Amino acid sequence: MLAEMNTVCKFSKYGCAEVIKFIQKRTHEETCPRAPYGCPVAGCSYRGMLLYRHVLDNHKDAFASVGYLLPTTVTLRKSKPFRVLLLDHKSSVFVLLNGGGVLAGRSLSLVCLGGNADINYRMEVRGCEPGALSLAGTAPCVRALEGFEAKKFLFVPDADWGRPAASPSASASVDEEISAVRPGVFSLH
């Protein structure tokens with residue numbers, strides 16, 4: 001009997017007009033294109049469809065603005081779990097994740113908050129020692145960081161984080177369709 005009952009999506013207040021079978025509700029809501037985005041900034045409870053505008057207006061010290069095809073310097077401290085990157089060309093929100101739980105180093109990965117297509121990228125880190133570490137992959141798009149686990153990351157040894165004066169730098173390029181986006185250079189402390 002429940003299988004035949006119709007219900008509305010819990011994201012109807014965000015514009016979803018889908019009427020779905022009760023037994024399909026969970027599946028639909030997990031992939032609903034009108035599900036709100038969660039703000040990644042600690043202590044912020046914002047959930048909505050305008051995450052780029054929200055971060056831009058309310059968290060001026062919490063993000064780095066990244067221009068289309070323009071190199072940008074971004075600082076990521078070893079003690080910070082992530083850095084928010086706003087890509088103005090597409091009004092996109094990326095998060096450079098600084099993961100822990102890796103013996104003798106940190107893991108760096110890139111994720112897009114929002115959007116509906118995975119984004120290809122290449123990240124390169126130069127540390128205190130000669131040479132570079134690099135990673136090419138796909139930045140998955142998610143609605144919120146809670147529960148997200150990177151499937152691909154760049155391992156940066158503790159020795160490469162070094163002192164602020166000798167911090168490594170990382171550059172990344174993001175490709176979407178034919179156009180190339182260069183989120184710039186990251187310095188790590």
# chains A, B, ... in the order shown; residues from 1 in each chain; ligands from 1
call {"tool": "residues_around", "arguments": {"residues": "segment 136-151 of chain A", "least_positions_apart": "2", "cutoff": "6 Å", "atoms": "only C-alpha atoms", "output": "PyMOL selection string"}}
result
chain A and resi 37-38+110-114+118-122
call {"tool": "select_by_dssp", "arguments": {"residues": "segment 129-165 of chain A", "states": "helix (DSSP H, G or I)", "output": "ChimeraX atom specification"}}
result
/A:158-161,164-165
call {"tool": "write_last_selection", "arguments": {"atoms": "N, CA, C and O atoms", "output": "PDB file, in the first residue's frame"}}
result
ATOM      1  N   ASP A 158      55.509  15.443   5.615  1.00  0.00           N
ATOM      2  CA  ASP A 158      55.686  16.508   6.603  1.00  0.00           C
ATOM      3  C   ASP A 158      56.904  17.377   6.286  1.00  0.00           C
ATOM      4  O   ASP A 158      56.869  18.589   6.461  1.00  0.00           O
ATOM      5  N   ALA A 159      57.981  16.764   5.816  1.00  0.00           N
ATOM      6  CA  ALA A 159      59.211  17.513   5.524  1.00  0.00           C
ATOM      7  C   ALA A 159      58.983  18.579   4.458  1.00  0.00           C
ATOM      8  O   ALA A 159      59.650  19.614   4.456  1.00  0.00           O
ATOM      9  N   ASP A 160      58.037  18.375   3.565  1.00  0.00           N
ATOM     10  CA  ASP A 160      57.781  19.350   2.510  1.00  0.00           C
ATOM     11  C   ASP A 160      56.940  20.529   2.982  1.00  0.00           C
ATOM     12  O   ASP A 160      56.889  21.550   2.310  1.00  0.00           O
ATOM     13  N   TRP A 161      56.277  20.399   4.119  1.00  0.00           N
ATOM     14  CA  TRP A 161      55.510  21.544   4.625  1.00  0.00           C
ATOM     15  C   TRP A 161      56.483  22.576   5.168  1.00  0.00           C
ATOM     16  O   TRP A 161      56.297  23.760   4.997  1.00  0.00           O
ATOM     17  N   PRO A 164      57.535  28.399   7.273  1.00  0.00           N
ATOM     18  CA  PRO A 164      56.868  29.336   6.375  1.00  0.00           C
ATOM     19  C   PRO A 164      57.781  29.923   5.304  1.00  0.00           C
ATOM     20  O   PRO A 164      57.380  30.091   4.175  1.00  0.00           O
ATOM     21  N   ALA A 165      59.025  30.201   5.646  1.00  0.00           N
ATOM     22  CA  ALA A 165      59.941  30.775   4.658  1.00  0.00           C
ATOM     23  C   ALA A 165      60.334  29.758   3.596  1.00  0.00           C
ATOM     24  O   ALA A 165      60.757  30.114   2.508  1.00  0.00           O
TER      25      ALA A 165
END
call {"tool": "closest_residue", "arguments": {"among": "A:Val84, A:Ala3, A:Val66, A:Val19", "to": "Val41 of chain A", "atoms": "only C-alpha atoms"}}
result
A:Val84
call {"tool": "residues_around", "arguments": {"residues": "segment 92-108 of chain A", "least_positions_apart": "6", "cutoff": "8 Å", "atoms": "only C-alpha atoms", "output": "PDB file with C-alpha atoms, in the first residue's frame"}}
result
ATOM      1  CA  LEU A  51      26.518  28.918  -1.961  1.00  0.00           C
ATOM      2  CA  TYR A  52      28.932  30.982  -4.088  1.00  0.00           C
ATOM      3  CA  LYS A  78      49.123  22.658   7.755  1.00  0.00           C
ATOM      4  CA  LYS A  80      43.767  24.064   8.625  1.00  0.00           C
ATOM      5  CA  PRO A  81      41.520  21.263   7.319  1.00  0.00           C
ATOM      6  CA  PHE A  82      40.756  23.029   4.009  1.00  0.00           C
ATOM      7  CA  ARG A  83      40.788  26.211   1.956  1.00  0.00           C
ATOM      8  CA  VAL A  84      37.724  27.471   0.072  1.00  0.00           C
ATOM      9  CA  LEU A  85      38.410  28.562  -3.514  1.00  0.00           C
ATOM     10  CA  LEU A  86      35.831  30.649  -5.403  1.00  0.00           C
ATOM     11  CA  GLY A 114      27.704  21.972  -6.001  1.00  0.00           C
ATOM     12  CA  GLY A 115      27.633  21.662  -9.728  1.00  0.00           C
ATOM     13  CA  PHE A 153      44.693  12.553  -3.125  1.00  0.00           C
ATOM     14  CA  LEU A 154      48.235  13.889  -3.274  1.00  0.00           C
ATOM     15  CA  PHE A 155      50.427  12.817  -0.368  1.00  0.00           C
ATOM     16  CA  VAL A 156      52.658  15.672   0.873  1.00  0.00           C
ATOM     17  CA  PRO A 157      55.308  14.504   3.391  1.00  0.00           C
ATOM     18  CA  ASP A 158      55.686  16.508   6.603  1.00  0.00           C
ATOM     19  CA  ALA A 159      59.211  17.513   5.524  1.00  0.00           C
TER      20      ALA A 159
END
call {"tool": "residues_around", "arguments": {"residues": "segment 31-36 of chain A", "least_positions_apart": "6", "cutoff": "8 Å", "atoms": "only C-alpha atoms", "output": "PyMOL selection string"}}
result
chain A and resi 11-12+14-16+47-49+116+143
call {"tool": "write_last_selection", "arguments": {"atoms": "N, CA, C and O atoms", "output": "PDB file, in the first residue's frame"}}
result
ATOM      1  N   PHE A  11      12.916  18.690  -0.761  1.00  0.00           N
ATOM      2  CA  PHE A  11      13.550  19.905  -1.246  1.00  0.00           C
ATOM      3  C   PHE A  11      12.591  20.762  -2.066  1.00  0.00           C
ATOM      4  O   PHE A  11      13.018  21.628  -2.827  1.00  0.00           O
ATOM      5  N   SER A  12      11.310  20.571  -1.873  1.00  0.00           N
ATOM      6  CA  SER A  12      10.315  21.365  -2.600  1.00  0.00           C
ATOM      7  C   SER A  12      10.466  22.853  -2.292  1.00  0.00           C
ATOM      8  O   SER A  12      10.247  23.693  -3.166  1.00  0.00           O
ATOM      9  N   TYR A  14      13.090  24.400  -2.104  1.00  0.00           N
ATOM     10  CA  TYR A  14      14.196  24.889  -2.915  1.00  0.00           C
ATOM     11  C   TYR A  14      13.883  24.789  -4.413  1.00  0.00           C
ATOM     12  O   TYR A  14      14.756  24.982  -5.245  1.00  0.00           O
ATOM     13  N   GLY A  15      12.637  24.431  -4.732  1.00  0.00           N
ATOM     14  CA  GLY A  15      12.202  24.435  -6.124  1.00  0.00           C
ATOM     15  C   GLY A  15      11.960  23.090  -6.769  1.00  0.00           C
ATOM     16  O   GLY A  15      11.601  23.024  -7.940  1.00  0.00           O
ATOM     17  N   CYS A  16      12.124  21.989  -6.061  1.00  0.00           N
ATOM     18  CA  CYS A  16      11.846  20.680  -6.654  1.00  0.00           C
ATOM     19  C   CYS A  16      10.335  20.462  -6.685  1.00  0.00           C
ATOM     20  O   CYS A  16       9.671  20.508  -5.660  1.00  0.00           O
ATOM     21  N   ARG A  47      22.465  26.491   4.445  1.00  0.00           N
ATOM     22  CA  ARG A  47      22.153  25.458   3.464  1.00  0.00           C
ATOM     23  C   ARG A  47      21.235  26.131   2.458  1.00  0.00           C
ATOM     24  O   ARG A  47      20.181  26.621   2.819  1.00  0.00           O
ATOM     25  N   GLY A  48      21.652  26.172   1.214  1.00  0.00           N
ATOM     26  CA  GLY A  48      20.839  26.819   0.198  1.00  0.00           C
ATOM     27  C   GLY A  48      21.405  26.607  -1.190  1.00  0.00           C
ATOM     28  O   GLY A  48      22.398  25.915  -1.373  1.00  0.00           O
ATOM     29  N   MET A  49      20.770  27.241  -2.162  1.00  0.00           N
ATOM     30  CA  MET A  49      21.139  27.059  -3.555  1.00  0.00           C
ATOM     31  C   MET A  49      22.179  28.078  -4.034  1.00  0.00           C
ATOM     32  O   MET A  49      22.724  27.936  -5.113  1.00  0.00           O
ATOM     33  N   ASN A 116      27.045  19.916 -11.248  1.00  0.00           N
ATOM     34  CA  ASN A 116      26.488  18.612 -11.584  1.00  0.00           C
ATOM     35  C   ASN A 116      27.390  17.817 -12.520  1.00  0.00           C
ATOM     36  O   ASN A 116      26.976  16.822 -13.052  1.00  0.00           O
ATOM     37  N   ARG A 143      27.335  17.914  -2.346  1.00  0.00           N
ATOM     38  CA  ARG A 143      26.477  18.943  -1.762  1.00  0.00           C
ATOM     39  C   ARG A 143      27.040  19.499  -0.462  1.00  0.00           C
ATOM     40  O   ARG A 143      26.793  20.635  -0.105  1.00  0.00           O
TER      41      ARG A 143
END
call {"tool": "atom_distance", "arguments": {"atom1": "atom CA of Asp61 of chain A", "atom2": "atom CA of Ser109 of chain A"}}
result
21.2 Å
